[in-house]
Structures are given as structure tokens and as C-alpha cells.
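These notes are about the structure you will find just below.
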Amino acid sequence: SLEKDEDGFYTPVTSAAVASTSTDPVPAESGDKKPVNSDLIDSTFEVTVTLADQQVDPNSPLYSVKTFEELGLHQDLLKGIYDMGFSKPSKIQERALPLLLANPPTNMIGQSQSGTGKTAAFVLTMLSRVDFTINKPQALCLAPSRELARQIMSVVTAMGKFTNVQTEYAIKENLPRNATQITAHIIVGTPGTMADLLRRKVIDQSEIKVFVLDEADNMLDQDGLGDQTLRVKNMLPRTHPVQIILFSATFPDHVRAYSSKFAPNANKIELQKEELSVDSIRQFYMDCKNAEHKYDILVSLYQLLTIGQSIIFCQHRHTADKISARMTAEGHKVASLHGAKDAAERDAIIDRFREGRDKVLITTNVIARGIDILQVNMVVNYDLPLMNERDKSAEERPDVETYIHRIGRTGRFGRKGISINFVHDKKTWLQMEQIEKALGRKIIRIETNDLDEME
Ligand code: ADP
């Protein structure tokens with residue numbers, strides 16, 4: 001009962017119904033700020049929708065909508081959406097928004113590929129649920145990095161441009177030390193700082209009604225941010241229900257069960273394994289002779305890296321520092337970003353890159369997730385992501401989820417992108433092979449001396 005369209009996406013299935021592929025004309029662009037790839041909007045991908053309330057008719061128009069108007073959003077929010085240049089919801093927005101906005105509020109565990117518009121879905125939910133006449137925090141959103149928190153905030157302010165929404169960050173070094181009370185409606189931040197502000201009652205939790213985890217699998221991971229995220233959750237009000245919303249492109253098995261406990265009785269939108277990475281990202285690898293040769297290859301790619309913009313991922317901060325210092329000394333213009341830099345510096349580096357003033361960003365897993373910079377058309381895995389970066393006791397298995405997120409920094413919203421993995425010995429080759437297996441996709445070899453193949 002599945003139908004694959006040109007993009008290799010499947011039509012969505014609910015337990016009872018197969019939604020029709022969209023054949024309606026794309027409405028005229030209402031804004032011209034962002035080029036919108038209508039292929040992606042019209043395409044669909046395979047999702048399995050599990051409804052919390054099995055009594056609800058899956059054929060109900062509530063579960064599939066074709067325009068933002070049909071979602072019952074406030075006029076001011078529609079204005080914000082069109083002002084951003086969006087004309088039609090993406091599939092995840094179409095599927096998730098009716099479930100997210102329905103009353104009484106129901107939890108959501110939503111999965112959709114990188115760059116398919118999850119952020120807009122949860123931001124609209126937060127904005128829709130805020131009562132602008134109450135000057136107290138009403139929605140909290142957590143993300144794994146300050147860079148992502150800042151980006152989410154820019155979506156909140158853009159979508160909320162025609163509302164009276166007040167916002168505040170819960171990220172390091174942002175609030176004055178003696179801040180005593182945040183009255184903003186929506187607070188976006190990282191879990192440690194958010195937990196701290198709640199504990200100190202700088203954030204009054206009494207009116208909070210929405211709690212969002214972006215990159216939820218990462219936020220809940222016991223080896224990472226899980227503890228801090230749980231601290232935040234435990235400080236939410238118990239006097240009324242809080243809608244818990246989890247979104248990610250990946251939900252590996254080991255967090256799936258916990259996610260369901262964290263967000264009980266949730267509506268679930270799940271992807272099939274084969275659909276985890278988007279087709280618009282072409283995946284390659286290069287056989288380097290040894291670890292040192294990787295550097296030479298990277299330098300030889302420089303021209304290509306600067307055609308658009310590119311992100312180079314390394315395993316360690318010191319590698320990112322080393323290769324960027326070396327490339328800079330050799331006359332190439334590159335920037336480097338990682339978690340050991342201080343907050344102001346990090347903000348300046350990502351802002352410069354976002355504005356296109358730097359073309360090549362050498363970094364670590366710190367920005368593997370969520371960062372949305374449309375001009376990034378190439379991602380290089382200088383080092384493949386490994387599990388033992390997340391969990392020191394883990395073996396040197398490839399970290400498939402991080403791989404998916406890293407390459408997802410390109411190919412945003414249907415745009416084309418290229419990823420190149422550097423392998424340099426048997427071990428790294430086998431690790432890449434495991435990634436191929438997990439994704440059910442071939443990663444294609446390109447000769448280190450033949451770059452034309454990618455054109
Ligand atoms: P995700 O959170 O799934 O990784 P984002 O929400 O960051 O994806 O969206 C990816 C890009 O697509 C962003 O630049 C965003 O502005 C854009 N986008 C999202 N939804 C739409 C839409 N309905 N129409 C046009 N562009 C959209």
C-alpha cells in the first residue's frame with residue numbers, strides 16, 4: 001500500500017489510511033526571502049502514525065492538512081509564517097501540527113529527517129499556546145548547544161514577529177548574574193542553565209504549559225544531557241498538565257522506550273530505518289593513505305569547499321584547532337568552532353559563518369545537530385563519528401545517529417548537498433561500512449585525485 005514518488009519518498013501511512021500524494025497546485029509564493037523547493041513540499045515520506053487515542057478517526061481532516069490556514073493558527077502567526085517565505089506546510093508540519101495543536105494538549109514524539117521543518121512545527125506550537133496577557137514563562141525549549149538554542153530563538157522571533165511574544169535565553173553567560181526574574185513567555189536554552197534558573201526560581205514555573213526537547217534523543221541520552229534534562233522536567237508544575245514535545249531525526253532503540261516514559265501517551269510519528277537520511281544528500285568517501293594524508297586531501301579540496309559553504313567535522317577539539325591553524329598558516333581562510341571556546345567567541349564565529357563571511361568551518365560534534373545554514377552544500381567527515389565520543393566506555397563503533405545529523409547540515413529542505421567521508425585504514429573503512437549497512441545506502445568512492453565525479 002506504499003507508493004514511492006520521484007524523490008524516493010513514500011506516501012505516508014496511518015494505521016488505516018494512505019494519504020493521497022499532493023497534486024494540488026503550489027500556492028503562489030507569498031514572500032520571496034527564501035527559495036522554496038516545491039519538490040520537497042509535494043513529496044512525502046513514509047511515516048507511521050500511532051495515535052494516542054485509537055478512537056480518533058485517522059481519516060479526520062485533523063490528521064492531514066494541506067495549507068497552514070487549515071491548521072487553525074492565529075492570524076498573526078500565519079502572517080509570521082508567510083513573512084518567512086513559507087507557503088505550504090512540509091510533511092512533518094502537515095502531520096504533526098494538527099496533533100500538536102489539538103485540545104486537550106497531547107504529548108508528541110515526532111521523527112522526521114534533518115531539514116524537513118521540525119523546528120517550525122514546535123515553534124508554532126509554543127507560540128500558539130502562549131497567553132500573551134500573562135507575563136510569565138509558558139513554554140520552555142531545550143536544545144543541545146547554544147548555537148542551536150540561538151537558532152531556534154531566531155525562528156521564534158521570526159514566526160512571532162506579529163505577536164507580542166517576549167523571549168529569553170537560558171544559555172551560559174547570557175543573563176546578568178543577579179537576574180532575579182524572567183517574565184518572558186518563551187525561554188529557549190540548554191539544559192544545565194535552564195535547570196539552574198528553575199532551581200533559583202529566576203524562572204517561575206507556575207504557568208509553564210509546553211516543554212519542548214529538540215534533538216530529543218540527544219537530550220535524553222543517559223550518557224549525555226539526560227540528567228540535566230530530567231532535572232528540568234522534575235521542576236515543571238504538577239498542578240496542571242504540561243504538553244511534552246520531543247522531536248528529532250533519530251530515535252535510536254536505546255532511547256525509544258525512555259522517550260515514551262518521558263512523554264507518556266504521546267502521539268508518535270516515526271520514520272522507517274531506510275528513510276533516516278534524505279536523498280538529496282549524496283554520500284561519498286575518499287580513501288586516504290594514512291591519517292596525515294587526510295590533511296593533504298582536505299587542502300586539495302579547498303577550492304571545492306569554498307564554492308558554497310562547508311563544514312568539516314573532526315573527532316577532537318585539538319584536531320579542529322590543529323588543522324585550522326595549519327590551513328590558516330598556509331594561506332587558506334577557515335574558521336574553527338568547538339565547545340572549549342568562550343561563549344562570545346562561539347557566537348561571533350557561528351554568526352560570521354551564517355552570514356557567509358567565512359566559507360569553511362572546522363568543528364566538532366558540538367554543531368552536528370540542528371544547525372540550519374542553507375548555503376552549506378558540503379560536509380566533510382574528516383574523522384568519522386564514533387560511539388566512544390558519547391560514552392567513553394563504548395567501543396569504537398561508528399555513531400550512526402551523529403553521522404546522520406552531521407551530513408544533515410547540508411541538503412536542507414530539499415536542497416542538494418554532498419558529504420565526503422575520509423577513511424584511511426582498515427578500521428575506518430569497516431566503520432564506514434557499518435554506517436552504510438545501518439542506513440541501507442551505498443557510500444560512493446571518489447578518487448582522491450578526481451574531483452570531477454562530484455560535479
Ligand atoms: P529540521 O528542524 O527538521 O531540521 P528546520 O525546521 O530547521 O528543519 O527547517 C529546515 C529549513 O527549511 C529552514 O531553513 C526552514 O526555514 C525551512 N522551512 C521549514 N518549513 C518550511 C516550509 N513549510 N516552507 C518553506 N521552508 C520551510
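Going through the C-alpha cells in order, the chains are called A, B, and so on, while each chain numbers its residues from 1 and the ligands are numbered from 1 in the order shown.
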
task = Just the residues within 12 Å of A:Leu430, please, counting only C-alpha atoms, with nothing from its chain fewer than 6 positions along; format it as a PyMOL selection string.
result = chain A and resi 384+396-398+423-424+436-437

Only N, CA, C and O atoms, please: the residues just picked out, written as a short mmCIF file (atom, residue, chain, number, x, y, z; two decimals), in the first residue's frame.
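Written file, part.cif:
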```cif
data_model
loop_
_atom_site.label_atom_id
_atom_site.label_comp_id
_atom_site.auth_asym_id
_atom_site.auth_seq_id
_atom_site.Cartn_x
_atom_site.Cartn_y
_atom_site.Cartn_z
N LEU A 384 35.40 10.06 11.20
CA LEU A 384 34.03 9.53 11.31
C LEU A 384 33.58 9.66 12.77
O LEU A 384 34.39 9.57 13.69
N GLU A 396 34.81 1.40 19.71
CA GLU A 396 34.98 2.32 18.59
C GLU A 396 34.03 1.99 17.45
O GLU A 396 34.42 1.85 16.31
N ARG A 397 32.77 1.83 17.81
CA ARG A 397 31.76 1.64 16.78
C ARG A 397 31.39 2.98 16.18
O ARG A 397 31.47 4.00 16.87
N PRO A 398 30.97 3.00 14.92
CA PRO A 398 30.54 4.29 14.38
C PRO A 398 29.27 4.76 15.08
O PRO A 398 28.44 3.95 15.50
N VAL A 423 38.35 8.03 4.86
CA VAL A 423 38.77 6.79 5.52
C VAL A 423 40.24 6.62 5.20
O VAL A 423 40.71 7.01 4.13
N HIS A 424 40.98 6.05 6.16
CA HIS A 424 42.43 6.00 5.91
C HIS A 424 43.07 4.68 6.31
O HIS A 424 44.27 4.51 6.20
N GLU A 436 27.06 2.44 6.30
CA GLU A 436 26.33 2.09 5.07
C GLU A 436 25.24 1.07 5.37
O GLU A 436 24.10 1.21 4.93
N LYS A 437 25.60 0.05 6.12
CA LYS A 437 24.65 -1.01 6.45
C LYS A 437 23.48 -0.46 7.25
O LYS A 437 22.32 -0.75 6.96
#
```

Give me the chain A side of the contact with ligand 1, cut-off 6 Å, one line per residue showing its nearest atom pair and distance in Å at one decimal, counting only C-alpha atoms and all ligand atoms, sorted by chain and residue number, as CSV.
```
residue,atom,partner,partner_atom_place_in_ligand_line,distance
A:Val36,CA,ligand 1,25 (C),5.3
A:Phe86,CA,ligand 1,24 (N),3.8
A:Ser87,CA,ligand 1,24 (N),5.7
A:Lys88,CA,ligand 1,23 (N),5.0
A:Pro89,CA,ligand 1,23 (N),3.9
A:Ser90,CA,ligand 1,23 (N),4.7
A:Ser114,CA,ligand 1,4 (O),4.1
A:Gly115,CA,ligand 1,4 (O),3.4
A:Thr116,CA,ligand 1,3 (O),3.9
A:Gly117,CA,ligand 1,6 (O),3.2
A:Lys118,CA,ligand 1,3 (O),3.8
A:Thr119,CA,ligand 1,6 (O),3.7
A:Ala120,CA,ligand 1,6 (O),5.0
A:Gly370,CA,ligand 1,4 (O),5.5
A:Asp372,CA,ligand 1,7 (O),5.2
A:Arg412,CA,ligand 1,10 (C),5.4
A:Phe413,CA,ligand 1,12 (O),4.5
```

A:Thr163 environment, 12 Å, only C-alpha atoms, sequence neighbours closer than 6 positions dropped, as number ranges by chain = A: 74-81, 124, 127-128, 130-133, 156-157, 185

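Distances to A:Asn174 were evaluated for A:Ala344, A:Val255, A:Met235, A:Met219 using only C-alpha atoms, and the minimum falls at A:Ala344.
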
query = Could you pull the residues within 9 Å of A:Leu230, counting only C-alpha atoms, minus those fewer than 5 positions along the same chain, as a VMD selection string?
reply = chain A and resid 191 195 220 225 235 262

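Between A:Asn381 and the residues A:Gln431, A:Thr448, A:Ser154, A:Ser419, the shortest atom-to-atom distance, using only C-alpha atoms, involves A:Ser419.
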
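Note that DSSP on the backbone gives strand (DSSP E or B) to these residues of stretch 104-244 of chain A: Met108, Ile109, Gly110, Gln111, Ala139, Leu140, Cys141, Leu142, Thr167, Glu168, Tyr169, Ala170, Ile182, Ile186, Ile187, Val188, Gly189, Ile203, Val210, Phe211, Val212, Leu213, Asp214, Gln243 and Ile244 of chain A.
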
request  = Just give me the gap between atom CA of A:Glu345 and atom CA of A:Lys322 in Å, one decimal is fine.
outcome  = 17.8 Å

inquiry  = Please determine, counting only C-alpha atoms, which residue among A:Leu439, A:Leu73, A:Ala343, A:Ile373 has the shortest atom-to-atom distance to A:Asp279.
reply    = A:Leu439

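The interatomic distance for the pair atom CA of A:Ala368 and atom CA of A:Arg95 works out to 25.8 Å.
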
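The shell of residues at most 9 Å from stretch 311-319 of chain A, with only C-alpha atoms counted and near chain neighbours (fewer than 6 positions) removed, consists of Leu305, Leu337, His338, Gly339, Ala340, Lys359, Val360, Leu361, Ile362, Thr363, Thr364, Asn365, Ile367, Ala368, Val376, Asn377, Met378, Val379, Val380, Asn381, Tyr382, Asp383, Leu384, Pro385, Leu386, Glu389, Arg406, Arg409 and Thr410 of chain A.
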
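In terms of minimum interatomic distance to A:Ile92, A:Ser248 ranks closest within A:Ser336, A:Gln222, A:Ser248, A:Asn234, counting only C-alpha atoms.
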
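Nearest to A:Pro137 of all the residues A:Ile109, A:Val123, A:Met153, A:Ile182 is A:Ile182, counting only C-alpha atoms.
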
query = Can you tell me, as a PyMOL selection string, what residues are no more than 12 Å from A:Gln181 when counting only C-alpha atoms, ignoring any on the same chain fewer than 5 positions away?
reply = chain A and resi 135-137+168+175-176+197-198+200-205

task = Using backbone DSSP assignments, extract all alpha helix (DSSP H) residues from stretch 216-442 of chain A; output them as number ranges by chain.
result = A: 216-220, 226-234, 253-262, 291-300, 302-305, 317-329, 343-354, 400-407, 426-439

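Using only C-alpha atoms, the smallest distance between any of A:His332, A:Arg346, A:Arg445, A:Lys233 and A:Asn421 comes from A:Arg445.
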